[in-house]
Amino acid sequence: MSDELPKGYDPHGVEEKWRTHWRDKKTFTPDPDAPGEPYSIVIPPPNVTGALHIGHALNLTLIDTLCRHYRQKGRNVLWVPGTDHAGIATQNVVERALAKEGKRRQDLGREKFIDRVWQWREEYGSRILNQIDAMGCSVDWERLRFTMDEGLSRAVRKVFVQLYKEGLIYRGKYIINWCSRCHTALADDEVEHEDEQGHLWQIKYHVKDSDESLVVATTRPETIPGDTAVCVHPDDERYQHLIGKTCIVPVCGREVPIIADRYVDREFGTGALKVTPCHDHNDWALGKNHDLEFIQVIDEDGRMKPESGKYDGLSKEECRKAIVADIEAMGDLVGVEKLAHSVGHCYRCHTVVEPHVSDQWFVAMTKLAPRAREAMPKYTRLLPEAWLKTYYHWMDTIRDWCISRQIWWGHRIPAWTCQACGELMVQEEAPKACCKCGSTDLHQEEDVLDTWFSSALWPFSTMGWPDRTKELAKWYPTSVLVTGFDILFFWVARMMMMGQHFMDEVPFRDVYLHALVRDAQGRKMSKSTGNVIDPVKMIEQYGCDSLRFTLTAFAAMGRDIRLSEDRIEGYRHFVNKLWNSARFTLMNLDKEPPAPVALESVQGLASQWILHRLEVLKAEMDKAFDEYRFNDVAQGGYKFLWGEFCDWYLELVKPDMQDPARKPESQYVLYTALKEILLLLHPVMPFVTAEIWQALPGHAGEDIAVMPYPESRPGCLRPDEAAKMEFIQGVIVSVRTIKAELGIAPGRKVALKLHPADAAQQALIEANRTVIMTLARLEDIEAGAGVHAPKASASDVVQGCQIIVPLKGNVDLATEVARLDKEMGKIQKGLEMVEKKLSNENFVARAKPEFVASERARGAELADSLAKLEKLKARFEEALQGGED
RNA sequence: GGACGGUUAGCUCAGUUGGUAGAGCGCUGCCCUUACAAGGCAGAUGUCACAAGUUCAAGUCUUGUACCGUCCACCA
């Protein structure tokens, strides 16, 4: 009986209980030898020291929903959890903590600093894991991975060495993006460009041995000491005569050539460009093409180097002021104007990024990209498809990937240089001696690898590669990658490349890119804006199932999600509704499970109807899952449970529960329908469904998470019976509406007279007499063509059946006329639209015949209703004027 | 400069092959009907951004315009 379930659903104890159950029982640890078609997903690993944010919550919910669904469908499901060491981000966090003690990492030294990071990870690394657990994620905790653990580090070294030997990793001096705060190189895509208001200075460069000068425009005067050329467009008539001559760089007096290159935009600024090969990406290319001198004047800390002459030691900001002042003093400052231009910032600390020339390691993306490009959509489907174009564009314009980082936290590059002979050795384990000269004086590369390097291996490294494990054999490639579109390039594209190169197979069959979660105004959620919705708080406040349901309901493909707390609160009501429908069901069941009946041949119309609707829903939800239409999954369940099961079915079977002849069948259908709706909702709402399930008779001690998806019962699809039910519902709604609009209290029992359209309708009404009486709250029903209908009655027409509610003179009769007019107005309007269509020759000739037929039928029904209402209204008006009853 | 997305009820958003627009919250009225007041019943509100086109028929397809947003590239 129901006393097992409390009146309102309280998620707290329930969630805790099931989390513990699943973890202790290792419910989600699959056996690779077990039968079942494999289904696998690797988690997008959150930063190890991070905290759960709403984006994770969305991502985890969607993945878990998929895993639980396909587990129900009999697949052998593996979801690999894990975390990322997040090189720069984590190092920054620890450095900040250190700064509070007044220390820098250099004060500790490399080893001690790394110890300190591990210590930090011990302390905070479990936070995010607990939060993943709190989301109800059905991950396999036995296969938890971390990008820096021994197995994955071995995979990283093996990949690095192999790529190096294949010539796909190389080392060289190039211009890269440098963050002087993080003190490291950054990859191109780790630089965030933002528009900023700056200045464009116009500065006069004098031509050597001439009175002439030319004016260059620059936004960065501090780089002037590094200028090694001035460049103009070869066809620019203003400057043609100067090409090949020499000019003097202001402030430092260096003599540099005036060169010509089509790269220069004649329209911009003065059409003359100063070239600083060491401090600008484009100038670097010009320097290489024109064989210019390379002079570095800014160092790795953003300070001026001795090469800058008198500005040595100044910060670049100070230097800018000094140089502008000096040039102005010389009278060579022609002008300054404001200029909006975009400036690169470090994606981790937001410091302005400086182009910087240094020795770095690179992956030859241009060689790896073509195969990964071709793989989509041939071997891997990308959803939403719109991203495919972006993916191609990126692959087509890809540049080599700078993978070395001048930080300490990460996978140290497995390369050693012999201090004696200079030999470079790249190998998985540290060499004991130089392979060339035998010296033991070896020095390992100081740099570590970009975090995304290890992330790129995640789909196979987490399954034990390079060993040939059962996991790889069973679950690689993974079924789908679910992640945000913001890391399509950082991560997805690189996994595609590495997967193909090392496993000779794409890492996933599908890639589903979900939206970003924004606030109600559409802004990105960020701590600084103060608009974050904290999923942990939401779970505490509304329960995990409410949060999950909200996120799922919002996850329409290809659109951003604007989340507000109201929505979560709203869907909490839904969780509660489910809970209470279960309470009702339990109240009407016995301790033992109800005796099975053949569902294909149940007698009750309501039961035929709900079983029919359930079949339709099962098929729809199944399809929605296969197509990643998460919002349809959620809404399908919502509408069915609330709008059909609760609003109608539970009410419809209430009379049956008092009728010994009908009770057993209705009990069994009620029991079955609830169980199936629980199974259908379980992937989205794991906790509440699990709790209800084990409270059902016959299911004590069971775990819904391991129960199969409800089987389809084609025999229960009965559209004709469903239509009959809809007629009964129409009659009930009609009476309720009359009562509500005429101000008759809902509880006041009235008599109902019906003039059915035909004998079948008449029989249907008789068969469902009790239900109509109960739900419409009637004292009596009289149905039949000859039933006397008092003139003073409210009336309506449902599918040709006249609904007559005698008013007995105790309500405001005039209201009924207004109500009828309004009703007839609506029908009239509909009728006009139909007639307009049908009188259109083109419509009749060209529209699909079945549609024309259905329009004809509809027109006939509307006309019939209208005629009947007009007659009833005329009679009613007679009554108003005192005519007899 | 290139690409993409959005514009639907007061607010936040759904709307799967074109066929008379839906949900949540909010709002109005009536109800504590023994699962649920976190509820029930009934109701109001939309020239589906604008313009043109295709079609018998357009929120849905095509083109253009406006506004908002995102990504990429460039930016001396």
# chains A, B, ... in the order shown; residues from 1 in each chain; ligands from 1

$ closest_atom_pairs --of "chain B" --to "chain A" --cutoff "9 Å" --atoms "only C-alpha atoms (C1' of nucleotides)" --output "tab-separated table"
residue	atom	partner	partner_atom	distance
B:A3	C1'	A:Thr390	CA	7.4
B:C4	C1'	A:Ala386	CA	7.5
B:G5	C1'	A:Arg559	CA	7.6
B:G6	C1'	A:Arg559	CA	8.6
B:U12	C1'	A:Ala520	CA	7.0
B:C13	C1'	A:Phe554	CA	7.8
B:A14	C1'	A:Asn631	CA	8.0
B:G19	C1'	A:Phe851	CA	7.6
B:U20	C1'	A:Gly830	CA	7.7
B:A23	C1'	A:Gln635	CA	8.3
B:G24	C1'	A:Gly570	CA	6.5
B:C25	C1'	A:Asp566	CA	6.7
B:G29	C1'	A:Ala740	CA	8.3
B:C30	C1'	A:Ala740	CA	6.7
B:C31	C1'	A:Pro746	CA	6.8
B:U33	C1'	A:Gly747	CA	7.3
B:A35	C1'	A:Phe584	CA	4.1
B:C36	C1'	A:Asn580	CA	5.2
B:A38	C1'	A:His573	CA	5.0
B:G40	C1'	A:Asp647	CA	9.0
B:C41	C1'	A:Arg736	CA	7.3
B:A42	C1'	A:Ala740	CA	5.6
B:G43	C1'	A:Glu741	CA	8.6
B:C56	C1'	A:Phe843	CA	3.6
B:A57	C1'	A:Phe843	CA	7.9
B:G69	C1'	A:Gly522	CA	8.5
B:C71	C1'	A:Thr390	CA	8.3
B:C72	C1'	A:Trp394	CA	8.0
B:C75	C1'	A:His341	CA	6.0
B:A76	C1'	A:Thr218	CA	4.9

$ residues_around --residues "range 235-249 of chain A" --least-positions-apart "5" --cutoff "7 Å" --atoms "only C-alpha atoms (C1' of nucleotides)" --output "list in words"
Tyr205, His206, Val207, Lys208, Arg254, Glu255, Val256, Pro257, Ile258, Ile259, Ala260 and Arg266 of chain A

$ select_by_dssp --residues "range 352-598 of chain A" --states "strand (DSSP E or B)" --output "PyMOL selection string"
chain A and resi 352+354-363+381-383+401-402+404-405+412+415-418+424-426+442-444+448-449+478-484+508-514+517-518+524+561-562

$ select_by_dssp --residues "range 727-814 of chain A" --states "helix (DSSP H, G or I)" --output "VMD selection string"
chain A and resid 727 to 742 759 to 767 769 to 776 813 to 814

$ write_last_selection --atoms "C-alpha atoms" --output "compact mmCIF listing (two decimals), in the first residue's frame"
# COMPACT_ATOMS: atom_id res chain seq x y z
CA PHE A 727 -15.34 11.47 -28.27
CA ILE A 728 -16.10 10.67 -24.65
CA GLN A 729 -13.49 13.19 -23.58
CA GLY A 730 -15.10 15.74 -25.85
CA VAL A 731 -18.49 15.25 -24.19
CA ILE A 732 -16.96 15.65 -20.73
CA VAL A 733 -15.03 18.78 -21.68
CA SER A 734 -18.13 20.24 -23.24
CA VAL A 735 -20.16 19.89 -20.03
CA ARG A 736 -17.30 21.29 -17.96
CA THR A 737 -17.00 24.28 -20.25
CA ILE A 738 -20.72 24.99 -20.07
CA LYS A 739 -20.57 24.90 -16.30
CA ALA A 740 -17.49 27.08 -16.07
CA GLU A 741 -18.75 29.67 -18.49
CA LEU A 742 -22.24 29.88 -17.12
CA ALA A 759 -26.68 4.42 -33.00
CA ALA A 760 -22.97 3.78 -32.59
CA GLN A 761 -22.56 6.99 -30.64
CA GLN A 762 -25.57 6.10 -28.58
CA ALA A 763 -24.05 2.74 -27.68
CA LEU A 764 -20.71 4.34 -26.86
CA ILE A 765 -22.37 6.76 -24.48
CA GLU A 766 -24.28 3.99 -22.74
CA ALA A 767 -21.13 1.92 -22.34
CA ARG A 769 -22.13 6.20 -18.71
CA THR A 770 -20.40 5.96 -15.34
CA VAL A 771 -17.24 7.59 -16.53
CA ILE A 772 -19.06 10.53 -18.06
CA MET A 773 -21.20 10.96 -14.95
CA THR A 774 -18.17 10.94 -12.69
CA LEU A 775 -15.85 13.16 -14.69
CA ALA A 776 -18.48 15.67 -15.77
CA LEU A 813 -29.84 32.89 -18.99
CA ALA A 814 -28.57 35.79 -21.05

$ residues_around --residues "C48 in chain B" --least-positions-apart "4" --cutoff "8 Å" --atoms "only C-alpha atoms (C1' of nucleotides)" --output "number ranges by chain"
B: 8, 21, 59

$ write_last_selection --atoms "N, CA, C and O atoms (P, O5', C5', C4', C3', O3' and C1' of nucleotides)" --output "compact mmCIF listing (two decimals), in the first residue's frame"
# COMPACT_ATOMS: atom_id res chain seq x y z
P U B 8 10.27 36.33 -31.62
O5' U B 8 9.21 35.37 -32.29
C5' U B 8 8.14 35.91 -33.05
C4' U B 8 6.99 34.95 -33.01
C3' U B 8 6.52 34.57 -31.62
O3' U B 8 5.67 35.57 -31.06
C1' U B 8 6.76 32.62 -32.88
P A B 21 -3.20 27.05 -36.66
O5' A B 21 -2.86 25.71 -35.89
C5' A B 21 -2.70 25.71 -34.46
C4' A B 21 -1.22 25.83 -34.15
C3' A B 21 -0.97 26.13 -32.69
O3' A B 21 -0.83 24.90 -32.01
C1' A B 21 0.38 27.48 -34.09
P G B 59 2.31 30.63 -42.58
O5' G B 59 3.42 30.65 -41.43
C5' G B 59 4.30 31.76 -41.30
C4' G B 59 5.53 31.37 -40.53
C3' G B 59 6.45 30.39 -41.27
O3' G B 59 7.37 31.09 -42.05
C1' G B 59 6.03 29.61 -39.07

$ atom_distance --atom1 "CA of Val161 in chain A" --atom2 "CA of Trp361 in chain A"
12.5 Å

$ residues_around --residues "Pro719 in chain A" --least-positions-apart "3" --cutoff "8 Å" --atoms "only C-alpha atoms (C1' of nucleotides)" --output "list in words"
His612, Ala722 and Ala723 of chain A

$ write_last_selection --atoms "N, CA and C atoms" --output "compact mmCIF listing (two decimals), in the first residue's frame"
# COMPACT_ATOMS: atom_id res chain seq x y z
N HIS A 612 -2.93 2.23 -26.25
CA HIS A 612 -2.66 2.71 -27.61
C HIS A 612 -1.70 3.90 -27.58
N ALA A 722 -9.12 4.57 -29.77
CA ALA A 722 -8.61 5.84 -29.28
C ALA A 722 -9.54 6.98 -29.70
N ALA A 723 -10.05 6.91 -30.91
CA ALA A 723 -10.95 7.96 -31.40
C ALA A 723 -12.25 7.96 -30.60

$ residues_around --residues "Met824 in chain A" --least-positions-apart "5" --cutoff "9 Å" --atoms "only C-alpha atoms (C1' of nucleotides)" --output "ChimeraX atom specification"
/A:819,829,865-866,869-870

$ decode --residues "range 10-43 of chain B" --atoms "N, CA and C atoms (P, O5', C5', C4', C3', O3' and C1' of nucleotides)" --output "CSV table (one decimal), in the first residue's frame"
chain,number,residue,atom,x,y,z
B,10,G,P,2.5,38.8,-26.1
B,10,G,O5',2.7,39.5,-24.7
B,10,G,C5',3.4,40.7,-24.5
B,10,G,C4',4.1,40.7,-23.2
B,10,G,C3',5.3,39.8,-23.1
B,10,G,O3',6.5,40.5,-23.4
B,10,G,C1',3.8,39.4,-21.3
B,11,C,P,7.7,39.8,-24.2
B,11,C,O5',8.3,38.9,-23.0
B,11,C,C5',9.1,39.5,-22.0
B,11,C,C4',9.7,38.4,-21.1
B,11,C,C3',10.4,37.3,-21.8
B,11,C,O3',11.8,37.7,-21.9
B,11,C,C1',8.8,36.4,-20.4
B,12,U,P,12.6,37.1,-23.1
B,12,U,O5',12.7,35.5,-22.7
B,12,U,C5',13.6,35.1,-21.7
B,12,U,C4',13.6,33.6,-21.6
B,12,U,C3',13.8,32.8,-22.9
B,12,U,O3',15.2,32.8,-23.3
B,12,U,C1',12.0,31.9,-21.8
B,13,C,P,15.6,32.4,-24.8
B,13,C,O5',14.9,31.0,-24.9
B,13,C,C5',14.6,30.5,-26.1
B,13,C,C4',13.8,29.2,-25.9
B,13,C,C3',13.4,28.4,-27.1
B,13,C,O3',14.5,27.6,-27.5
B,13,C,C1',11.5,28.7,-25.7
B,14,A,P,14.5,27.0,-28.9
B,14,A,O5',13.6,25.7,-28.7
B,14,A,C5',12.4,25.6,-29.5
B,14,A,C4',11.7,24.4,-29.1
B,14,A,C3',11.1,23.7,-30.3
B,14,A,O3',12.0,22.7,-30.9
B,14,A,C1',9.4,24.1,-28.8
B,15,G,P,12.4,22.7,-32.4
B,15,G,O5',11.0,22.6,-33.1
B,15,G,C5',10.2,21.4,-32.9
B,15,G,C4',8.8,21.6,-33.5
B,15,G,C3',8.8,22.1,-35.0
B,15,G,O3',8.9,21.0,-35.9
B,15,G,C1',7.3,23.4,-33.6
B,16,U,P,9.5,21.3,-37.3
B,16,U,O5',9.8,19.8,-37.9
B,16,U,C5',11.0,19.6,-38.7
B,16,U,C4',11.1,18.1,-38.9
B,16,U,C3',9.8,17.4,-39.4
B,16,U,O3',9.6,17.6,-40.8
B,16,U,C1',10.8,16.1,-37.7
B,17,U,P,8.2,18.2,-41.1
B,17,U,O5',8.2,18.2,-42.7
B,17,U,C5',9.4,18.5,-43.4
B,17,U,C4',9.7,17.5,-44.4
B,17,U,C3',8.7,17.4,-45.6
B,17,U,O3',9.0,18.4,-46.5
B,17,U,C1',9.2,15.2,-44.8
B,18,G,P,7.9,19.5,-46.7
B,18,G,O5',7.7,20.2,-45.3
B,18,G,C5',6.6,20.1,-44.6
B,18,G,C4',5.8,21.4,-44.7
B,18,G,C3',4.3,21.1,-44.5
B,18,G,O3',3.9,21.7,-43.3
B,18,G,C1',4.7,22.5,-46.4
B,19,G,P,2.7,21.1,-42.4
B,19,G,O5',1.4,21.5,-43.2
B,19,G,C5',0.7,22.7,-42.8
B,19,G,C4',-0.7,22.5,-43.2
B,19,G,C3',-1.5,21.5,-42.3
B,19,G,O3',-2.3,22.2,-41.5
B,19,G,C1',-1.9,21.2,-44.7
B,20,U,P,-3.2,21.8,-40.3
B,20,U,O5',-3.0,23.2,-39.6
B,20,U,C5',-2.8,24.4,-40.4
B,20,U,C4',-3.9,25.5,-40.0
B,20,U,C3',-4.1,25.7,-38.5
B,20,U,O3',-3.1,26.5,-38.0
B,20,U,C1',-6.1,25.8,-39.8
B,21,A,P,-3.2,27.0,-36.7
B,21,A,O5',-2.9,25.7,-35.9
B,21,A,C5',-2.7,25.7,-34.5
B,21,A,C4',-1.2,25.8,-34.2
B,21,A,C3',-1.0,26.1,-32.7
B,21,A,O3',-0.8,24.9,-32.0
B,21,A,C1',0.4,27.5,-34.1
B,22,G,P,-2.1,24.3,-31.4
B,22,G,O5',-1.6,23.6,-30.1
B,22,G,C5',-1.2,24.4,-29.0
B,22,G,C4',0.1,23.9,-28.5
B,22,G,C3',0.5,24.4,-27.2
B,22,G,O3',-0.1,23.7,-26.2
B,22,G,C1',2.3,24.6,-28.7
B,23,A,P,-0.3,24.4,-24.8
B,23,A,O5',1.1,24.1,-24.1
B,23,A,C5',1.6,22.8,-23.9
B,23,A,C4',3.0,22.8,-23.3
B,23,A,C3',3.1,23.7,-22.1
B,23,A,O3',2.7,23.0,-20.9
B,23,A,C1',4.9,24.1,-23.6
B,24,G,P,2.2,23.8,-19.7
B,24,G,O5',3.5,24.3,-19.1
B,24,G,C5',4.5,23.5,-18.4
B,24,G,C4',5.7,24.3,-18.0
B,24,G,C3',5.4,25.5,-17.2
B,24,G,O3',5.3,25.2,-15.8
B,24,G,C1',6.8,26.2,-18.9
B,25,C,P,4.1,25.8,-14.9
B,25,C,O5',4.7,27.3,-14.8
B,25,C,C5',5.9,27.5,-14.0
B,25,C,C4',6.3,29.0,-14.2
B,25,C,C3',5.3,30.0,-13.9
B,25,C,O3',5.1,30.3,-12.6
B,25,C,C1',6.4,30.5,-16.0
B,26,G,P,3.7,30.7,-12.0
B,26,G,O5',3.4,32.1,-12.8
B,26,G,C5',4.2,33.2,-12.5
B,26,G,C4',3.8,34.4,-13.4
B,26,G,C3',2.3,34.7,-13.4
B,26,G,O3',2.0,35.6,-12.3
B,26,G,C1',3.0,34.6,-15.6
B,27,C,P,0.5,35.4,-11.7
B,27,C,O5',-0.4,35.9,-12.8
B,27,C,C5',-0.3,37.2,-13.3
B,27,C,C4',-1.4,37.5,-14.4
B,27,C,C3',-2.8,37.0,-14.0
B,27,C,O3',-3.4,38.0,-13.2
B,27,C,C1',-2.3,36.3,-16.2
B,28,U,P,-4.4,37.6,-12.0
B,28,U,O5',-5.7,37.2,-12.9
B,28,U,C5',-6.4,38.3,-13.6
B,28,U,C4',-7.6,37.7,-14.2
B,28,U,C3',-8.5,36.8,-13.3
B,28,U,O3',-9.3,37.6,-12.5
B,28,U,C1',-8.2,35.8,-15.4
B,29,G,P,-9.7,37.0,-11.0
B,29,G,O5',-10.8,35.9,-11.3
B,29,G,C5',-12.0,36.3,-11.9
B,29,G,C4',-12.8,35.1,-12.3
B,29,G,C3',-13.0,34.1,-11.2
B,29,G,O3',-14.0,34.4,-10.3
B,29,G,C1',-12.4,33.0,-13.2
B,30,C,P,-13.8,33.9,-8.8
B,30,C,O5',-14.3,32.4,-8.9
B,30,C,C5',-15.5,32.1,-9.4
B,30,C,C4',-15.6,30.6,-9.7
B,30,C,C3',-15.2,29.7,-8.5
B,30,C,O3',-16.2,29.6,-7.5
B,30,C,C1',-14.2,28.9,-10.5
B,31,C,P,-15.7,29.1,-6.1
B,31,C,O5',-15.3,27.7,-6.4
B,31,C,C5',-15.3,26.7,-5.5
B,31,C,C4',-14.8,25.4,-6.0
B,31,C,C3',-13.9,24.7,-5.0
B,31,C,O3',-14.6,24.0,-4.0
B,31,C,C1',-12.9,24.7,-7.2
B,32,C,P,-14.5,24.5,-2.5
B,32,C,O5',-13.2,23.6,-2.0
B,32,C,C5',-11.9,23.9,-2.4
B,32,C,C4',-11.1,22.7,-2.3
B,32,C,C3',-11.6,21.6,-1.4
B,32,C,O3',-12.6,20.8,-2.1
B,32,C,C1',-9.4,22.1,-0.8
B,33,U,P,-12.4,19.2,-2.3
B,33,U,O5',-13.5,18.9,-3.4
B,33,U,C5',-14.4,17.7,-3.1
B,33,U,C4',-14.1,16.6,-4.1
B,33,U,C3',-12.6,16.2,-4.1
B,33,U,O3',-12.4,15.2,-3.1
B,33,U,C1',-13.4,16.5,-6.3
B,34,U,P,-11.1,15.3,-2.2
B,34,U,O5',-10.1,14.2,-2.8
B,34,U,C5',-8.8,14.0,-2.1
B,34,U,C4',-8.7,12.6,-1.5
B,34,U,C3',-8.8,11.5,-2.5
B,34,U,O3',-7.5,11.2,-3.0
B,34,U,C1',-10.4,11.1,-0.8
B,35,A,P,-7.4,10.1,-4.2
B,35,A,O5',-5.9,10.1,-4.6
B,35,A,C5',-4.9,9.7,-3.6
B,35,A,C4',-3.6,10.3,-3.9
B,35,A,C3',-3.5,11.8,-4.0
B,35,A,O3',-3.3,12.3,-2.7
B,35,A,C1',-2.5,10.9,-5.9
B,36,C,P,-3.8,13.8,-2.3
B,36,C,O5',-2.8,14.7,-3.0
B,36,C,C5',-1.5,14.8,-2.7
B,36,C,C4',-0.7,15.5,-3.8
B,36,C,C3',-1.2,17.0,-4.1
B,36,C,O3',-0.6,17.9,-3.2
B,36,C,C1',-0.8,15.8,-6.1
B,37,A,P,-1.5,18.9,-2.4
B,37,A,O5',-1.0,20.4,-2.7
B,37,A,C5',-0.7,20.8,-4.0
B,37,A,C4',-0.9,22.3,-4.1
B,37,A,C3',-0.8,23.0,-2.8
B,37,A,O3',0.0,24.2,-3.0
B,37,A,C1',-2.9,23.4,-3.8
B,38,A,P,1.6,24.2,-2.8
B,38,A,O5',2.2,23.7,-4.2
B,38,A,C5',2.6,24.6,-5.3
B,38,A,C4',3.0,23.8,-6.5
B,38,A,C3',2.1,22.6,-6.6
B,38,A,O3',1.1,22.7,-7.7
B,38,A,C1',4.3,21.9,-6.1
B,39,G,P,1.3,22.6,-9.2
B,39,G,O5',0.3,21.5,-9.6
B,39,G,C5',0.3,20.1,-9.1
B,39,G,C4',-1.1,19.7,-8.6
B,39,G,C3',-2.2,20.0,-9.6
B,39,G,O3',-2.2,19.2,-10.7
B,39,G,C1',-2.9,20.5,-7.4
B,40,G,P,-2.8,19.7,-12.1
B,40,G,O5',-4.4,19.7,-11.8
B,40,G,C5',-5.0,18.5,-11.5
B,40,G,C4',-6.5,18.7,-11.3
B,40,G,C3',-7.2,19.4,-12.5
B,40,G,O3',-7.5,18.6,-13.6
B,40,G,C1',-7.8,20.4,-10.5
B,41,C,P,-7.3,19.1,-15.0
B,41,C,O5',-8.6,20.0,-15.2
B,41,C,C5',-9.9,19.4,-15.0
B,41,C,C4',-11.0,20.4,-15.0
B,41,C,C3',-10.9,21.4,-16.2
B,41,C,O3',-11.4,20.9,-17.3
B,41,C,C1',-11.2,22.6,-14.1
B,42,A,P,-10.8,21.3,-18.7
B,42,A,O5',-11.3,22.8,-18.9
B,42,A,C5',-12.7,23.1,-19.1
B,42,A,C4',-12.9,24.5,-18.9
B,42,A,C3',-12.2,25.5,-19.8
B,42,A,O3',-12.8,25.6,-21.1
B,42,A,C1',-12.2,26.3,-17.6
B,43,G,P,-11.8,26.0,-22.3
B,43,G,O5',-11.4,27.5,-22.0
B,43,G,C5',-12.4,28.5,-22.1
B,43,G,C4',-11.9,29.8,-21.6
B,43,G,C3',-10.8,30.5,-22.4
B,43,G,O3',-11.4,31.1,-23.6
B,43,G,C1',-10.3,30.7,-20.1
